[in-house]
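Inspection log for the structure reproduced underneath, given as structure tokens.
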Amino acid sequence: MKKMFGVIGDPIAHSMSPAMHNDLFDLYGIDAVYLPFRVSNGNLEDAVKGLKALGVSGFNVTIPHKTDIITHLDKVDPLARAIGAVNTVKNENGLLVGYNTDGPGFVKGLEYLAADLGSRSALIIGAGGASRAIYFSMAQAGIERIDLYNRTPEKAEELVDSCPFKVASKIIGREAAEKSLADYQLIIQTTSIGMVPDTESLPLSPENISQNTIVSDIIYNPLQTKFLKEAFRRGAAVQNGVGMFVFQGALAFEIWTGIFPDVDRMEMNVLRNLGG
């Protein structure tokens with residue numbers, strides 16, 4: 001019998017996950033289908049019960065349900081529990097088990113650019129949900145130092161204090177962050193600054209970015225934000241948000257099927273859908 005997978009969220013029509021995962025099912029000869037399900041806030045509990053009753057093999061979770069989904073699951077992976085968000089659910093013999101592949105997917109994508117992540121120091125810009133997943137996952141992976149800059153320092157302090165993994169960190173202001181950019185081997189931009197339509201905005205002045213730095217911006221619309229363009233112009237290696245999206249999807253696919261898929265094929269599929 002054909003297995004069913006899907007993604008729940010609101011809005012959901014723009015999701016590239018169905019095209020990405022259905023292509024992988026074809027590639028690996030898996031008799032399965034991946035469908036988008038628009039689920040509004042008030043219908044989340046009923047939707048989860050319905051998916052469970054239908055015997056759905058697994059599903060992804062996107063905005064606005066990544067936090068609220070936790071109370072409707074039977075089990076939650078420790079990292080996802082610590083982050084406070086689930087983006088991947090697997091049906092394990094009738095039990096719905098939640099995972100977070102956003103942060104680990106980001107780290108996996110970074111490892112394709114640099115194998116020795118543990119010895120590097122990082123600056124994360126922002127302290128929202130994506131920052132939390134990335135910070136926790138990088139700390140778990142053994143990154144030596146992770147500093148944070150956020151316009152509201154109290155939010156960054158709460159993020160650092162709530163992390164269950166030991167890592168050296170400090171909260172720095174905008175002026176200090178801009179002056180010390182050359183001290184970091186990794187700079188990760190997790191805010192919406194620079195996203196369409198406000199593509200000329202910058203989260204920080206990139207003037208002091210070093211050519212020995214990897215600069216990542218989790219935005220993928222546009223594919224190259226102004227921040228990435230300025231970093232590249234200064235000789236830095238750059239990575240856009242496609243990498244995080246592809247690798248979180250790859251890890252979800254592995255959780256469901258036991259197969260770590262062809263990420264190059266996934267990236268080409270996503271870029272084709274983005275028109276890039």
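Residue numbering restarts at 1 for every chain of the structure tokens, chains are lettered A, B, ... in their displayed order, and ligands are numbered from 1 as they appear.
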
### Query
Quick one: DSSP strand (DSSP E or B) residues in range 17-135 of chain A, as an MDAnalysis selection string?
chainID A and resid 32:38 58:61 75:76 88:92 95:99 121:125

### Task
From the DSSP assignment of the backbone, select every residue of range 77-210 of chain A that is helix (DSSP H, G or I), and format the answer as number ranges by chain.
A: 78-83, 102-111, 117-119, 129-141, 153-162, 174-179, 181-183

### Query
What's the 12 Å shell around range 145-161 of chain A, counting only C-alpha atoms, without same-chain residues fewer than 5 positions away, as a ChimeraX atom specification?
/A:82-84,117-140,166-178,180-181,183-191,193,203-204

### Query
With only C-alpha atoms as the atoms that count, which of A:Gly58, A:Pro78, A:Gly105, A:Gly258 lies nearest to Glu92 in chain A?
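Smallest distance to Glu92 in chain A is found for A:Gly58.
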
### Task
With a distance cut-off of 9 Å and only C-alpha atoms, select the neighbouring residues of Asp74 in chain A, excluding the residue or stretch itself and same-chain residues fewer than 3 positions from it, and output the selection as a PyMOL selection string.
chain A and resi 70-71+95-98

### Task
Would you list the contacts of range 21-36 of chain A as an MDAnalysis selection string, taking every protein, DNA or RNA residue within 6 Å and counting only C-alpha atoms, but skipping same-chain residues closer than 5 positions in sequence?
chainID A and resid 2:7

### Message
At a cut-off of 12 Å, using only C-alpha atoms, what residues contact Ala13 in chain A? Leave out same-chain residues fewer than 5 positions from it and give the result as an MDAnalysis selection string.
### Response
chainID A and resid 7:8 18:19 35:39 62

### Task
For CA of Val196 in chain A and CA of Ile12 in chain A, determine how far apart the two atoms are, in Å to one decimal place.
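Taking CA of Val196 in chain A as the start and CA of Ile12 in chain A as the end point, the length is 18.3 Å.
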
How close does range 58-114 of chain A get to range 238-248 of chain A? List, as a tab-separated table, each residue of range 58-114 of chain A within 7 Å, its nearest atom pair and the distance in Å to one decimal, counting only C-alpha atoms.
```
residue	atom	partner	partner_atom	distance
A:Thr101	CA	A:Gln248	CA	4.9
A:Asp102	CA	A:Gln248	CA	5.1
A:Gly105	CA	A:Gln248	CA	4.1
A:Phe106	CA	A:Met244	CA	4.5
A:Lys108	CA	A:Phe247	CA	6.6
A:Gly109	CA	A:Gly243	CA	5.6
```

Contact check, range 93-177 of chain A to range 210-217 of chain A, at most 9 Å, counting only C-alpha atoms, closest pairs as CSV:
```
residue,atom,partner,partner_atom,distance
A:Leu110,CA,A:Ser216,CA,8.6
A:Leu113,CA,A:Ile214,CA,8.1
A:Ala114,CA,A:Ile214,CA,8.6
```

### Task
Select, from A:Val270, A:Gly50, A:Gly249, A:Phe260, the residue with the minimum atom-to-atom distance to Asn87 in chain A, counting only C-alpha atoms.
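With only C-alpha atoms as the atom set, the closest residue is A:Gly249.
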
Report as a compact mmCIF listing (two decimals) with all heavy atoms, in the first residue's frame all protein, DNA and RNA residues lying within 7 Å of Thr199 in chain A, evaluated on only C-alpha atoms, omitting residues in the same chain fewer than 4 positions from it.
```
# COMPACT_ATOMS: atom_id res chain seq x y z
N GLY A 194 16.77 41.92 4.88
CA GLY A 194 17.34 41.65 3.56
C GLY A 194 16.45 40.81 2.68
O GLY A 194 16.74 40.59 1.50
N MET A 195 15.34 40.33 3.25
CA MET A 195 14.40 39.51 2.49
C MET A 195 13.56 40.38 1.57
O MET A 195 13.35 41.57 1.84
CB MET A 195 13.50 38.73 3.46
CG MET A 195 12.58 37.71 2.82
SD MET A 195 11.48 36.93 4.05
CE MET A 195 12.68 35.99 5.00
N THR A 225 21.36 37.74 -0.65
CA THR A 225 21.01 38.99 0.01
C THR A 225 22.15 40.00 -0.14
O THR A 225 23.27 39.64 -0.50
CB THR A 225 20.77 38.76 1.51
OG1 THR A 225 21.97 38.24 2.10
CG2 THR A 225 19.63 37.78 1.74
N LYS A 226 21.86 41.24 0.17
CA LYS A 226 22.90 42.27 0.11
C LYS A 226 24.03 41.92 1.07
O LYS A 226 25.21 42.15 0.77
CB LYS A 226 22.31 43.64 0.44
CG LYS A 226 23.33 44.78 0.28
CD LYS A 226 22.68 46.14 0.44
CE LYS A 226 23.72 47.24 0.21
NZ LYS A 226 23.13 48.59 0.35
```

### Query
Do you have the CA of Ser17 in chain A-CA of Val89 in chain A distance handy?
14.3 Å

## Note on the structure
From CA of Ser15 in chain A to CA of Lys49 in chain A the spacing works out at 22.4 Å

### Message
Nearest residue to Ala47 in chain A out of A:His14, A:Lys179, A:His65, A:Arg272, using only C-alpha atoms?
### Response
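Nearest candidate to Ala47 in chain A out of A:His14, A:Lys179, A:His65, A:Arg272: A:His65.
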